[in-house]
>>> print(open('protein.cif').read())   # mmCIF, C-alpha atoms
data_upload
#
loop_
_atom_site.group_PDB
_atom_site.id
_atom_site.type_symbol
_atom_site.label_atom_id
_atom_site.label_comp_id
_atom_site.auth_asym_id
_atom_site.auth_seq_id
_atom_site.Cartn_x
_atom_site.Cartn_y
_atom_site.Cartn_z
ATOM 1 C CA MET A 1 71.404 -6.676 -28.669
ATOM 2 C CA SER A 2 69.744 -7.874 -25.459
ATOM 3 C CA LEU A 3 71.645 -8.377 -22.213
ATOM 4 C CA ILE A 4 71.473 -12.181 -22.481
ATOM 5 C CA GLU A 5 72.838 -12.004 -26.028
ATOM 6 C CA ARG A 6 75.738 -9.877 -24.832
ATOM 7 C CA ILE A 7 76.469 -12.322 -21.994
ATOM 8 C CA ALA A 8 76.234 -15.363 -24.281
ATOM 9 C CA SER A 9 78.476 -13.955 -27.016
ATOM 10 C CA TYR A 10 81.662 -15.930 -27.618
ATOM 11 C CA ASP A 11 83.765 -12.785 -27.284
ATOM 12 C CA ASN A 12 82.336 -11.965 -23.836
ATOM 13 C CA LEU A 13 82.694 -15.550 -22.631
ATOM 14 C CA TYR A 14 86.265 -15.725 -23.927
ATOM 15 C CA HIS A 15 87.246 -12.537 -22.074
ATOM 16 C CA ALA A 16 85.517 -13.923 -18.975
ATOM 17 C CA PHE A 17 87.621 -17.090 -19.332
ATOM 18 C CA LYS A 18 90.807 -15.006 -19.564
ATOM 19 C CA GLU A 19 89.846 -13.027 -16.449
ATOM 20 C CA CYS A 20 89.057 -16.217 -14.501
ATOM 21 C CA SER A 21 92.416 -17.694 -15.509
ATOM 22 C CA ARG A 22 94.503 -15.007 -13.810
ATOM 23 C CA GLY A 23 96.367 -16.509 -10.880
ATOM 24 C CA LYS A 24 94.744 -19.919 -11.497
ATOM 25 C CA ARG A 25 97.325 -21.505 -13.812
ATOM 26 C CA ASN A 26 98.231 -24.147 -11.246
ATOM 27 C CA LYS A 27 94.659 -24.960 -10.226
ATOM 28 C CA ASP A 28 93.062 -28.240 -11.267
ATOM 29 C CA GLY A 29 89.891 -26.593 -12.562
ATOM 30 C CA PHE A 30 91.833 -24.374 -14.971
ATOM 31 C CA ARG A 31 94.112 -27.201 -16.100
ATOM 32 C CA ARG A 32 91.158 -29.433 -16.923
ATOM 33 C CA TYR A 33 89.387 -26.660 -18.828
ATOM 34 C CA LEU A 34 92.363 -25.317 -20.796
ATOM 35 C CA PRO A 35 93.078 -28.055 -23.397
ATOM 36 C CA ARG A 36 89.626 -27.732 -24.999
ATOM 37 C CA HIS A 37 88.811 -24.220 -23.850
ATOM 38 C CA SER A 38 87.618 -23.010 -27.275
ATOM 39 C CA GLU A 39 85.167 -25.904 -27.594
ATOM 40 C CA ASN A 40 84.112 -25.476 -23.960
ATOM 41 C CA ILE A 41 83.420 -21.775 -24.440
ATOM 42 C CA LYS A 42 81.451 -22.517 -27.615
ATOM 43 C CA SER A 43 79.397 -25.016 -25.621
ATOM 44 C CA LEU A 44 78.635 -22.326 -23.020
ATOM 45 C CA GLU A 45 77.639 -19.923 -25.781
ATOM 46 C CA LEU A 46 75.211 -22.436 -27.260
ATOM 47 C CA GLU A 47 73.690 -23.407 -23.883
ATOM 48 C CA ILE A 48 73.071 -19.837 -22.735
ATOM 49 C CA SER A 49 71.860 -18.652 -26.151
ATOM 50 C CA LYS A 50 69.406 -21.527 -26.472
ATOM 51 C CA THR A 51 68.023 -21.740 -22.927
ATOM 52 C CA LYS A 52 68.569 -18.117 -21.751
ATOM 53 C CA ASN A 53 69.795 -19.892 -18.640
ATOM 54 C CA TYR A 54 72.654 -22.033 -17.332
ATOM 55 C CA SER A 55 72.905 -25.282 -15.375
ATOM 56 C CA TRP A 56 74.962 -24.442 -12.277
ATOM 57 C CA GLY A 57 77.315 -26.999 -10.719
ATOM 58 C CA ASP A 58 78.068 -27.917 -7.116
ATOM 59 C CA TYR A 59 79.999 -25.670 -4.756
ATOM 60 C CA ARG A 60 83.173 -26.591 -2.875
ATOM 61 C CA GLU A 61 83.124 -25.187 0.672
ATOM 62 C CA PHE A 62 85.973 -24.200 3.001
ATOM 63 C CA TRP A 63 86.578 -21.869 5.929
ATOM 64 C CA VAL A 64 88.756 -18.753 5.857
ATOM 65 C CA TYR A 65 89.791 -16.373 8.638
ATOM 66 C CA ASP A 66 90.141 -12.705 7.549
ATOM 67 C CA PRO A 67 90.094 -12.213 10.613
ATOM 68 C CA LYS A 68 86.435 -13.282 10.947
ATOM 69 C CA LYS A 69 85.653 -16.948 10.360
ATOM 70 C CA ARG A 70 83.777 -17.180 7.054
ATOM 71 C CA LEU A 71 82.466 -20.064 4.992
ATOM 72 C CA VAL A 72 83.559 -19.553 1.383
ATOM 73 C CA MET A 73 81.637 -21.375 -1.336
ATOM 74 C CA ALA A 74 83.752 -21.870 -4.443
ATOM 75 C CA ALA A 75 81.955 -22.593 -7.702
ATOM 76 C CA PRO A 76 83.470 -24.845 -10.397
ATOM 77 C CA PHE A 77 85.806 -23.114 -12.847
ATOM 78 C CA LYS A 78 83.254 -23.342 -15.666
ATOM 79 C CA ASP A 79 80.600 -21.663 -13.489
ATOM 80 C CA ARG A 80 83.018 -18.884 -12.591
ATOM 81 C CA ILE A 81 83.380 -18.100 -16.283
ATOM 82 C CA VAL A 82 79.611 -17.602 -16.499
ATOM 83 C CA HIS A 83 79.635 -15.505 -13.290
ATOM 84 C CA THR A 84 82.279 -13.277 -14.845
ATOM 85 C CA ALA A 85 80.420 -13.069 -18.152
ATOM 86 C CA ILE A 86 77.295 -11.910 -16.295
ATOM 87 C CA TYR A 87 79.342 -9.480 -14.201
ATOM 88 C CA ARG A 88 81.022 -7.945 -17.257
ATOM 89 C CA VAL A 89 77.630 -6.985 -18.687
ATOM 90 C CA THR A 90 75.650 -6.072 -15.546
ATOM 91 C CA GLU A 91 78.287 -4.371 -13.379
ATOM 92 C CA PRO A 92 78.544 -1.160 -15.487
ATOM 93 C CA ILE A 93 74.737 -0.833 -15.359
ATOM 94 C CA ILE A 94 74.384 -1.470 -11.618
ATOM 95 C CA ASP A 95 77.438 0.540 -10.603
ATOM 96 C CA LYS A 96 75.871 3.727 -12.002
ATOM 97 C CA THR A 97 73.035 3.337 -9.474
ATOM 98 C CA LEU A 98 75.297 2.991 -6.401
ATOM 99 C CA GLY A 99 76.144 6.659 -5.890
ATOM 100 C CA SER A 100 79.343 7.938 -4.313
ATOM 101 C CA ARG A 101 79.038 6.679 -0.729
ATOM 102 C CA THR A 102 79.710 2.945 -1.041
ATOM 103 C CA PHE A 103 83.225 1.662 -1.681
ATOM 104 C CA ALA A 104 83.396 -2.148 -1.668
ATOM 105 C CA CYS A 105 84.328 -4.062 -4.832
ATOM 106 C CA ARG A 106 84.095 -1.064 -7.172
ATOM 107 C CA HIS A 107 86.553 0.123 -9.796
ATOM 108 C CA GLY A 108 88.554 3.073 -8.491
ATOM 109 C CA MET A 109 87.158 2.645 -4.970
ATOM 110 C CA GLY A 110 88.040 -0.157 -2.515
ATOM 111 C CA ASN A 111 88.901 -0.386 1.173
ATOM 112 C CA LYS A 112 91.837 2.019 1.095
ATOM 113 C CA LYS A 113 89.749 4.748 -0.565
ATOM 114 C CA ALA A 114 86.994 4.153 2.007
ATOM 115 C CA ALA A 115 89.446 4.481 4.908
ATOM 116 C CA GLN A 116 90.937 7.637 3.373
ATOM 117 C CA ARG A 117 87.470 9.133 2.889
ATOM 118 C CA LEU A 118 86.476 8.514 6.512
ATOM 119 C CA SER A 119 89.738 9.952 7.780
ATOM 120 C CA LYS A 120 89.216 13.133 5.747
ATOM 121 C CA GLN A 121 85.601 13.449 6.930
ATOM 122 C CA LEU A 122 86.593 13.178 10.587
ATOM 123 C CA GLN A 123 89.311 15.772 10.118
ATOM 124 C CA LEU A 124 86.805 18.040 8.340
ATOM 125 C CA MET A 125 84.241 17.748 11.144
ATOM 126 C CA GLY A 126 86.674 17.819 14.077
ATOM 127 C CA LYS A 127 85.593 16.852 17.574
ATOM 128 C CA ASN A 128 82.135 18.307 17.102
ATOM 129 C CA ARG A 129 80.524 15.178 15.643
ATOM 130 C CA TYR A 130 78.537 12.151 16.769
ATOM 131 C CA CYS A 131 79.308 8.805 15.137
ATOM 132 C CA ILE A 132 77.250 5.617 14.924
ATOM 133 C CA LYS A 133 78.354 2.428 13.163
ATOM 134 C CA LEU A 134 75.935 -0.194 11.848
ATOM 135 C CA ASP A 135 76.699 -3.703 10.655
ATOM 136 C CA ALA A 136 74.253 -6.334 9.385
ATOM 137 C CA LYS A 137 74.421 -9.739 11.066
ATOM 138 C CA LYS A 138 75.517 -12.523 8.683
ATOM 139 C CA TYR A 139 74.879 -10.215 5.762
ATOM 140 C CA PHE A 140 75.498 -12.485 2.760
ATOM 141 C CA GLU A 141 73.502 -15.299 4.395
ATOM 142 C CA SER A 142 70.559 -12.964 5.006
ATOM 143 C CA ILE A 143 69.951 -11.475 1.555
ATOM 144 C CA ASN A 144 66.384 -12.297 0.514
ATOM 145 C CA HIS A 145 66.213 -13.944 -2.920
ATOM 146 C CA GLU A 146 62.904 -12.461 -4.024
ATOM 147 C CA ASN A 147 63.867 -8.938 -2.944
ATOM 148 C CA LEU A 148 67.245 -9.148 -4.648
ATOM 149 C CA PHE A 149 65.794 -10.494 -7.891
ATOM 150 C CA LYS A 150 63.062 -7.849 -8.095
ATOM 151 C CA LYS A 151 65.463 -4.992 -7.308
ATOM 152 C CA MET A 152 68.043 -6.210 -9.832
ATOM 153 C CA MET A 153 65.492 -6.659 -12.609
ATOM 154 C CA ALA A 154 64.095 -3.173 -11.965
ATOM 155 C CA LYS A 155 67.494 -1.651 -12.757
ATOM 156 C CA LEU A 156 68.195 -3.590 -15.958
ATOM 157 C CA PRO A 157 67.140 -2.182 -19.363
ATOM 158 C CA ASP A 158 65.456 -5.423 -20.503
ATOM 159 C CA ASP A 159 64.117 -8.608 -18.915
ATOM 160 C CA SER A 160 66.249 -11.068 -20.892
ATOM 161 C CA LEU A 161 68.234 -12.057 -17.776
ATOM 162 C CA ARG A 162 65.224 -13.098 -15.719
ATOM 163 C CA HIS A 163 65.901 -16.854 -16.028
ATOM 164 C CA ILE A 164 69.666 -16.867 -15.599
ATOM 165 C CA LEU A 165 69.609 -14.361 -12.698
ATOM 166 C CA ALA A 166 66.839 -16.244 -10.937
ATOM 167 C CA SER A 167 68.741 -19.540 -11.197
ATOM 168 C CA LEU A 168 72.041 -17.938 -10.156
ATOM 169 C CA ILE A 169 70.545 -16.359 -7.035
ATOM 170 C CA VAL A 170 69.241 -19.757 -5.862
ATOM 171 C CA SER A 171 72.209 -21.792 -7.155
ATOM 172 C CA HIS A 172 73.342 -22.977 -3.714
ATOM 173 C CA PRO A 173 70.971 -25.714 -2.438
ATOM 174 C CA ASN A 174 71.177 -24.711 1.245
ATOM 175 C CA TYR A 175 70.274 -21.116 0.487
ATOM 176 C CA ARG A 176 67.635 -22.139 -2.039
ATOM 177 C CA ALA A 177 65.811 -24.038 0.697
ATOM 178 C CA LYS A 178 65.892 -20.984 2.993
ATOM 179 C CA LYS A 179 65.017 -18.540 0.167
ATOM 180 C CA ARG A 180 67.793 -16.264 1.369
ATOM 181 C CA GLY A 181 71.569 -16.107 1.210
ATOM 182 C CA ILE A 182 74.148 -15.781 -1.576
ATOM 183 C CA PRO A 183 77.534 -17.557 -1.630
ATOM 184 C CA ILE A 184 80.597 -15.670 -0.441
ATOM 185 C CA GLY A 185 83.106 -16.389 -3.190
ATOM 186 C CA ASN A 186 81.051 -15.654 -6.311
ATOM 187 C CA LEU A 187 82.064 -12.517 -8.208
ATOM 188 C CA THR A 188 78.381 -11.829 -8.819
ATOM 189 C CA SER A 189 77.665 -12.085 -5.080
ATOM 190 C CA GLN A 190 79.933 -9.088 -4.462
ATOM 191 C CA LEU A 191 77.904 -7.047 -6.930
ATOM 192 C CA PHE A 192 74.564 -8.277 -5.564
ATOM 193 C CA ALA A 193 75.524 -7.608 -1.944
ATOM 194 C CA ASN A 194 76.850 -4.138 -2.687
ATOM 195 C CA PHE A 195 73.693 -3.294 -4.619
ATOM 196 C CA TYR A 196 71.257 -4.722 -2.047
ATOM 197 C CA LEU A 197 71.919 -1.933 0.508
ATOM 198 C CA SER A 198 71.901 0.890 -2.026
ATOM 199 C CA GLU A 199 68.406 2.000 -0.968
ATOM 200 C CA VAL A 200 69.703 2.315 2.606
ATOM 201 C CA ASP A 201 72.478 4.594 1.277
ATOM 202 C CA GLN A 202 69.915 6.756 -0.485
ATOM 203 C CA LEU A 203 67.807 7.020 2.671
ATOM 204 C CA GLY A 204 70.829 7.882 4.797
ATOM 205 C CA CYS A 205 71.977 10.595 2.414
ATOM 206 C CA ARG A 206 68.486 12.048 2.156
ATOM 207 C CA GLU A 207 68.039 12.232 5.937
ATOM 208 C CA LEU A 208 71.522 13.687 6.477
ATOM 209 C CA GLN A 209 71.012 16.137 3.587
ATOM 210 C CA LEU A 210 73.985 14.786 1.670
ATOM 211 C CA ASP A 211 74.401 14.382 -2.073
ATOM 212 C CA PHE A 212 74.026 10.674 -2.925
ATOM 213 C CA ASN A 213 75.535 10.800 -6.403
ATOM 214 C CA GLU A 214 78.402 13.233 -5.864
ATOM 215 C CA ASP A 215 80.743 13.339 -2.881
ATOM 216 C CA LYS A 216 81.021 17.032 -2.016
ATOM 217 C CA PHE A 217 82.795 16.751 1.358
ATOM 218 C CA GLU A 218 80.014 18.426 3.320
ATOM 219 C CA SER A 219 81.079 19.503 6.808
ATOM 220 C CA HIS A 220 77.691 19.154 8.555
ATOM 221 C CA ALA A 221 77.435 15.364 8.204
ATOM 222 C CA GLY A 222 79.005 12.275 6.697
ATOM 223 C CA TYR A 223 77.914 8.863 5.468
ATOM 224 C CA LEU A 224 79.806 5.962 3.944
ATOM 225 C CA ARG A 225 79.451 2.225 3.537
ATOM 226 C CA TYR A 226 81.840 -0.620 2.870
ATOM 227 C CA MET A 227 79.668 -3.632 1.974
ATOM 228 C CA ASP A 228 77.481 -3.892 5.119
ATOM 229 C CA ASP A 229 79.622 -1.673 7.401
ATOM 230 C CA ILE A 230 77.910 1.719 7.648
ATOM 231 C CA VAL A 231 79.297 4.870 9.267
ATOM 232 C CA ILE A 232 76.922 7.723 10.151
ATOM 233 C CA LEU A 233 78.253 11.134 11.211
ATOM 234 C CA SER A 234 76.307 14.204 12.256
ATOM 235 C CA ARG A 235 76.865 17.327 14.316
ATOM 236 C CA SER A 236 74.204 16.252 16.786
ATOM 237 C CA LYS A 237 73.615 13.089 18.767
ATOM 238 C CA GLU A 238 69.879 13.321 18.155
ATOM 239 C CA LYS A 239 70.270 13.459 14.369
ATOM 240 C CA SER A 240 72.714 10.550 14.249
ATOM 241 C CA ILE A 241 70.424 8.374 16.355
ATOM 242 C CA GLN A 242 67.370 9.362 14.329
ATOM 243 C CA VAL A 243 69.053 8.453 11.044
ATOM 244 C CA ALA A 244 70.541 5.223 12.429
ATOM 245 C CA ASN A 245 67.135 4.124 13.687
ATOM 246 C CA GLN A 246 65.548 4.858 10.313
ATOM 247 C CA LEU A 247 68.200 2.834 8.503
ATOM 248 C CA VAL A 248 67.811 -0.104 10.879
ATOM 249 C CA GLU A 249 64.027 0.003 10.468
ATOM 250 C CA TYR A 250 64.337 0.010 6.669
ATOM 251 C CA ALA A 251 67.013 -2.695 6.540
ATOM 252 C CA GLU A 252 65.040 -4.989 8.813
ATOM 253 C CA GLY A 253 61.522 -4.180 7.576
ATOM 254 C CA GLU A 254 62.074 -3.837 3.834
ATOM 255 C CA LEU A 255 65.202 -5.908 3.207
ATOM 256 C CA GLY A 256 64.796 -8.666 5.784
ATOM 257 C CA LEU A 257 68.192 -8.050 7.384
ATOM 258 C CA SER A 258 69.120 -8.027 11.061
ATOM 259 C CA ILE A 259 71.075 -5.258 12.799
ATOM 260 C CA PRO A 260 71.040 -6.329 16.469
ATOM 261 C CA SER A 261 72.122 -4.131 19.365
ATOM 262 C CA ASP A 262 75.710 -5.418 19.311
ATOM 263 C CA LYS A 263 75.956 -4.300 15.664
ATOM 264 C CA TYR A 264 74.564 -0.829 16.512
ATOM 265 C CA ILE A 265 77.631 0.918 17.945
ATOM 266 C CA MET A 266 77.344 4.437 19.357
ATOM 267 C CA LEU A 267 80.909 5.768 19.181
ATOM 268 C CA ALA A 268 79.910 9.393 19.777
ATOM 269 C CA HIS A 269 83.159 11.452 19.783
ATOM 270 C CA ASP A 270 85.462 8.442 20.224
ATOM 271 C CA PRO A 271 87.910 7.210 17.562
ATOM 272 C CA VAL A 272 86.269 5.144 14.830
ATOM 273 C CA PRO A 273 87.584 1.631 14.043
ATOM 274 C CA PHE A 274 87.063 1.007 10.338
ATOM 275 C CA LEU A 275 88.689 -1.351 7.828
ATOM 276 C CA GLY A 276 91.728 -2.175 9.920
ATOM 277 C CA TYR A 277 92.458 1.374 11.064
ATOM 278 C CA VAL A 278 91.354 3.568 13.964
ATOM 279 C CA HIS A 279 90.398 7.068 12.802
ATOM 280 C CA ASP A 280 89.816 10.402 14.533
ATOM 281 C CA GLU A 281 90.143 14.102 13.736
ATOM 282 C CA LYS A 282 93.930 13.947 14.212
ATOM 283 C CA GLY A 283 94.534 11.117 11.744
ATOM 284 C CA TYR A 284 94.686 7.337 11.954
ATOM 285 C CA ARG A 285 96.578 4.376 13.323
ATOM 286 C CA ILE A 286 96.556 0.670 12.532
ATOM 287 C CA LEU A 287 94.464 -1.617 14.706
ATOM 288 C CA GLY A 288 96.669 -3.487 17.158
ATOM 289 C CA ARG A 289 95.368 -6.899 16.095
ATOM 290 C CA ASN A 290 96.527 -6.282 12.523
ATOM 291 C CA GLU A 291 100.038 -5.400 13.698
ATOM 292 C CA ARG A 292 100.082 -8.617 15.724
ATOM 293 C CA ARG A 293 98.876 -10.705 12.784
ATOM 294 C CA TYR A 294 101.627 -9.243 10.612
ATOM 295 C CA VAL A 295 104.362 -10.003 13.160
ATOM 296 C CA LYS A 296 102.973 -13.515 13.678
ATOM 297 C CA LYS A 297 102.960 -14.132 9.931
ATOM 298 C CA LEU A 298 106.609 -13.117 9.576
ATOM 299 C CA LYS A 299 107.587 -15.396 12.465
ATOM 300 C CA ARG A 300 105.675 -18.272 10.872
ATOM 301 C CA MET A 301 107.407 -17.679 7.527
ATOM 302 C CA THR A 302 110.797 -17.697 9.254
ATOM 303 C CA ALA A 303 109.981 -20.967 11.016
ATOM 304 C CA GLN A 304 108.909 -22.454 7.669
ATOM 305 C CA GLY A 305 112.227 -21.474 6.093
ATOM 306 C CA LYS A 306 110.733 -19.008 3.618
ATOM 307 C CA SER A 307 113.226 -17.005 1.554
ATOM 308 C CA LEU A 308 114.130 -13.378 2.188
ATOM 309 C CA SER A 309 112.454 -12.385 -1.077
ATOM 310 C CA GLN A 310 109.179 -14.036 0.012
ATOM 311 C CA LYS A 311 109.264 -12.230 3.353
ATOM 312 C CA ALA A 312 110.192 -8.982 1.583
ATOM 313 C CA MET A 313 106.967 -9.205 -0.454
ATOM 314 C CA VAL A 314 104.916 -9.515 2.760
ATOM 315 C CA ILE A 315 106.767 -6.586 4.349
ATOM 316 C CA GLN A 316 106.311 -4.455 1.232
ATOM 317 C CA SER A 317 102.593 -5.236 1.104
ATOM 318 C CA PHE A 318 102.105 -4.393 4.785
ATOM 319 C CA GLU A 319 104.044 -1.129 4.512
ATOM 320 C CA ALA A 320 101.985 -0.076 1.495
ATOM 321 C CA TRP A 321 98.798 -0.812 3.446
ATOM 322 C CA ARG A 322 100.120 0.926 6.602
ATOM 323 C CA ASN A 323 100.644 4.196 4.724
ATOM 324 C CA LEU A 324 97.060 5.238 4.139
ATOM 325 C CA PHE A 325 97.990 8.531 2.452
#
>>> encode(input="protein.cif", output="structure tokens")
Amino acid sequence: MSLIERIASYDNLYHAFKECSRGKRNKDGFRRYLPRHSENIKSLELEISKTKNYSWGDYREFWVYDPKKRLVMAAPFKDRIVHTAIYRVTEPIIDKTLGSRTFACRHGMGNKKAAQRLSKQLQLMGKNRYCIKLDAKKYFESINHENLFKKMMAKLPDDSLRHILASLIVSHPNYRAKKRGIPIGNLTSQLFANFYLSEVDQLGCRELQLDFNEDKFESHAGYLRYMDDIVILSRSKEKSIQVANQLVEYAEGELGLSIPSDKYIMLAHDPVPFLGYVHDEKGYRILGRNERRYVKKLKRMTAQGKSLSQKAMVIQSFEAWRNLF
């Protein structure tokens, strides 16, 4: 069975519908889709099976602050079912190519595992290390469509997804005109963005003499990535700078990304801010701005007359996040 046949199967689309429905029971898109969901899913099956493609709808856009200001582009509920159907088939294939050094949006990984891994690496290396952090400017907006498509197709076992992937990658009209950029908000965009920098991970591991596929906790160097946030660790300043420069050159020259000087941070032996924590060889602490956001949120909930049980859920969530280990 080809990949497009697996995506278009009623069973896959139905499970995608169930996954998209979680936490959306009160949303208008779900409520409109639910009464005739079996017929709607059958219609999706027929469209994708016949055309090997899908006609994408319009996005709804809104701003979020997490804490950065980001423009989220929300696809219609029906489109999100197709995103999830594609993800269910392609994610297991792509994830096997990502190695052990990238943590974002992966089963069994995530931001807490990434923060734990960095903390352990810094404790393993002690003070005798030189750290550089890299971060791509406007990463999702900068992903080149042609590069992404070619790299994705090269990893898939057949070419049956060429039409539906090509149309998905250019599904937002603003990005289609620029020939770069994927919408923050699509499940597939998380997979695409995580995959797009995988070659940078391989280069970093090769230059630092680290195992890309298996995390062996080497003491001479360290490398990890959370989406486009990269941490490079080496025993020597010269080696860290050399590797960082190579990664920047590759990301900008081959991938069309931008890592400007303010996103190239030489931390040397200083504590490392990463994913809401500040890490060093002695352990970690929470970034002050996150503590302040938490306190502000509780005060806002009190002013809004929220119940004790609602505030207890926020407190419980924060305490679970605070305790990294």
>>> resolve_selection(input="protein.cif", expression="the PyMOL selection byres ((chain A and resi 162-168) around 10)", output="PyMOL selection string")
chain A and resi 4+48+51-56+79+82-83+86+145-146+148-150+152-153+156+158-161+169-172+176+182+188-189
>>> resolve_selection(input="protein.cif", expression="the PyMOL selection byres ((chain A and resi 19-33) around 8)", output="ChimeraX atom specification")
/A:15-18,34-37,40,76-78,80-81,84
>>> write_last_selection(input="protein.cif", atoms="C-alpha atoms", output="tab-separated table (two decimals), keeping the file's coordinate frame")
chain	number	residue	atom	x	y	z
A	15	HIS	CA	87.25	-12.54	-22.07
A	16	ALA	CA	85.52	-13.92	-18.98
A	17	PHE	CA	87.62	-17.09	-19.33
A	18	LYS	CA	90.81	-15.01	-19.56
A	34	LEU	CA	92.36	-25.32	-20.80
A	35	PRO	CA	93.08	-28.06	-23.40
A	36	ARG	CA	89.63	-27.73	-25.00
A	37	HIS	CA	88.81	-24.22	-23.85
A	40	ASN	CA	84.11	-25.48	-23.96
A	76	PRO	CA	83.47	-24.84	-10.40
A	77	PHE	CA	85.81	-23.11	-12.85
A	78	LYS	CA	83.25	-23.34	-15.67
A	80	ARG	CA	83.02	-18.88	-12.59
A	81	ILE	CA	83.38	-18.10	-16.28
A	84	THR	CA	82.28	-13.28	-14.84
>>> resolve_selection(input="protein.cif", expression="the PyMOL selection byres ((chain A and resi 258) around 8)", output="PDB file with C-alpha atoms, in the coordinates of the input")
ATOM      1  CA  ALA A 136      74.253  -6.334   9.385  1.00  0.00           C
ATOM      2  CA  LYS A 137      74.421  -9.739  11.066  1.00  0.00           C
ATOM      3  CA  SER A 142      70.559 -12.964   5.006  1.00  0.00           C
ATOM      4  CA  ALA A 251      67.013  -2.695   6.540  1.00  0.00           C
ATOM      5  CA  GLU A 252      65.040  -4.989   8.813  1.00  0.00           C
ATOM      6  CA  GLY A 256      64.796  -8.666   5.784  1.00  0.00           C
ATOM      7  CA  LEU A 257      68.192  -8.050   7.384  1.00  0.00           C
ATOM      8  CA  ILE A 259      71.075  -5.258  12.799  1.00  0.00           C
ATOM      9  CA  PRO A 260      71.040  -6.329  16.469  1.00  0.00           C
TER      10      PRO A 260
END
>>> closest_residue(input="protein.cif", among="A:Leu308, A:Glu199, A:Leu44, A:Leu124", to="A:His220", atoms="all atoms listed in the file")
A:Leu124
>>> atom_distance(input="protein.cif", atom1="atom CA of A:Ser100", atom2="atom CA of A:Ala244")
19.1 Å
>>> closest_residue(input="protein.cif", among="A:Phe217, A:Tyr87, A:Tyr175, A:Tyr65", to="A:Leu187", atoms="only C-alpha atoms")
A:Tyr87
>>> closest_atom_pairs(input="protein.cif", of="stretch 168-244 of chain A", to="stretch 91-95 of chain A", cutoff="12 Å", atoms="only C-alpha atoms", output="CSV")
residue,atom,partner,partner_atom,distance
A:Leu187,CA,A:Glu91,CA,10.4
A:Thr188,CA,A:Glu91,CA,8.7
A:Ser189,CA,A:Glu91,CA,11.3
A:Gln190,CA,A:Glu91,CA,10.2
A:Leu191,CA,A:Glu91,CA,7.0
A:Phe192,CA,A:Ile94,CA,9.1
A:Ala193,CA,A:Ile94,CA,11.5
A:Asn194,CA,A:Asp95,CA,9.2
A:Phe195,CA,A:Ile94,CA,7.3
A:Tyr196,CA,A:Ile94,CA,10.6
A:Ser198,CA,A:Ile94,CA,10.2
A:Asn213,CA,A:Asp95,CA,11.2
>>> closest_residue(input="protein.cif", among="A:Arg101, A:Lys151, A:Arg289, A:Arg106", to="A:Tyr223", atoms="only C-alpha atoms")
A:Arg101
>>> atom_distance(input="protein.cif", atom1="atom CA of A:Gly57", atom2="atom CA of A:Ser43")
15.2 Å
>>> atom_distance(input="protein.cif", atom1="atom CA of A:Ala154", atom2="atom CA of A:Ser2")
15.4 Å
>>> closest_residue(input="protein.cif", among="A:Leu287, A:Arg225, A:Lys239, A:Ser309", to="A:Cys105", atoms="only C-alpha atoms")
A:Arg225
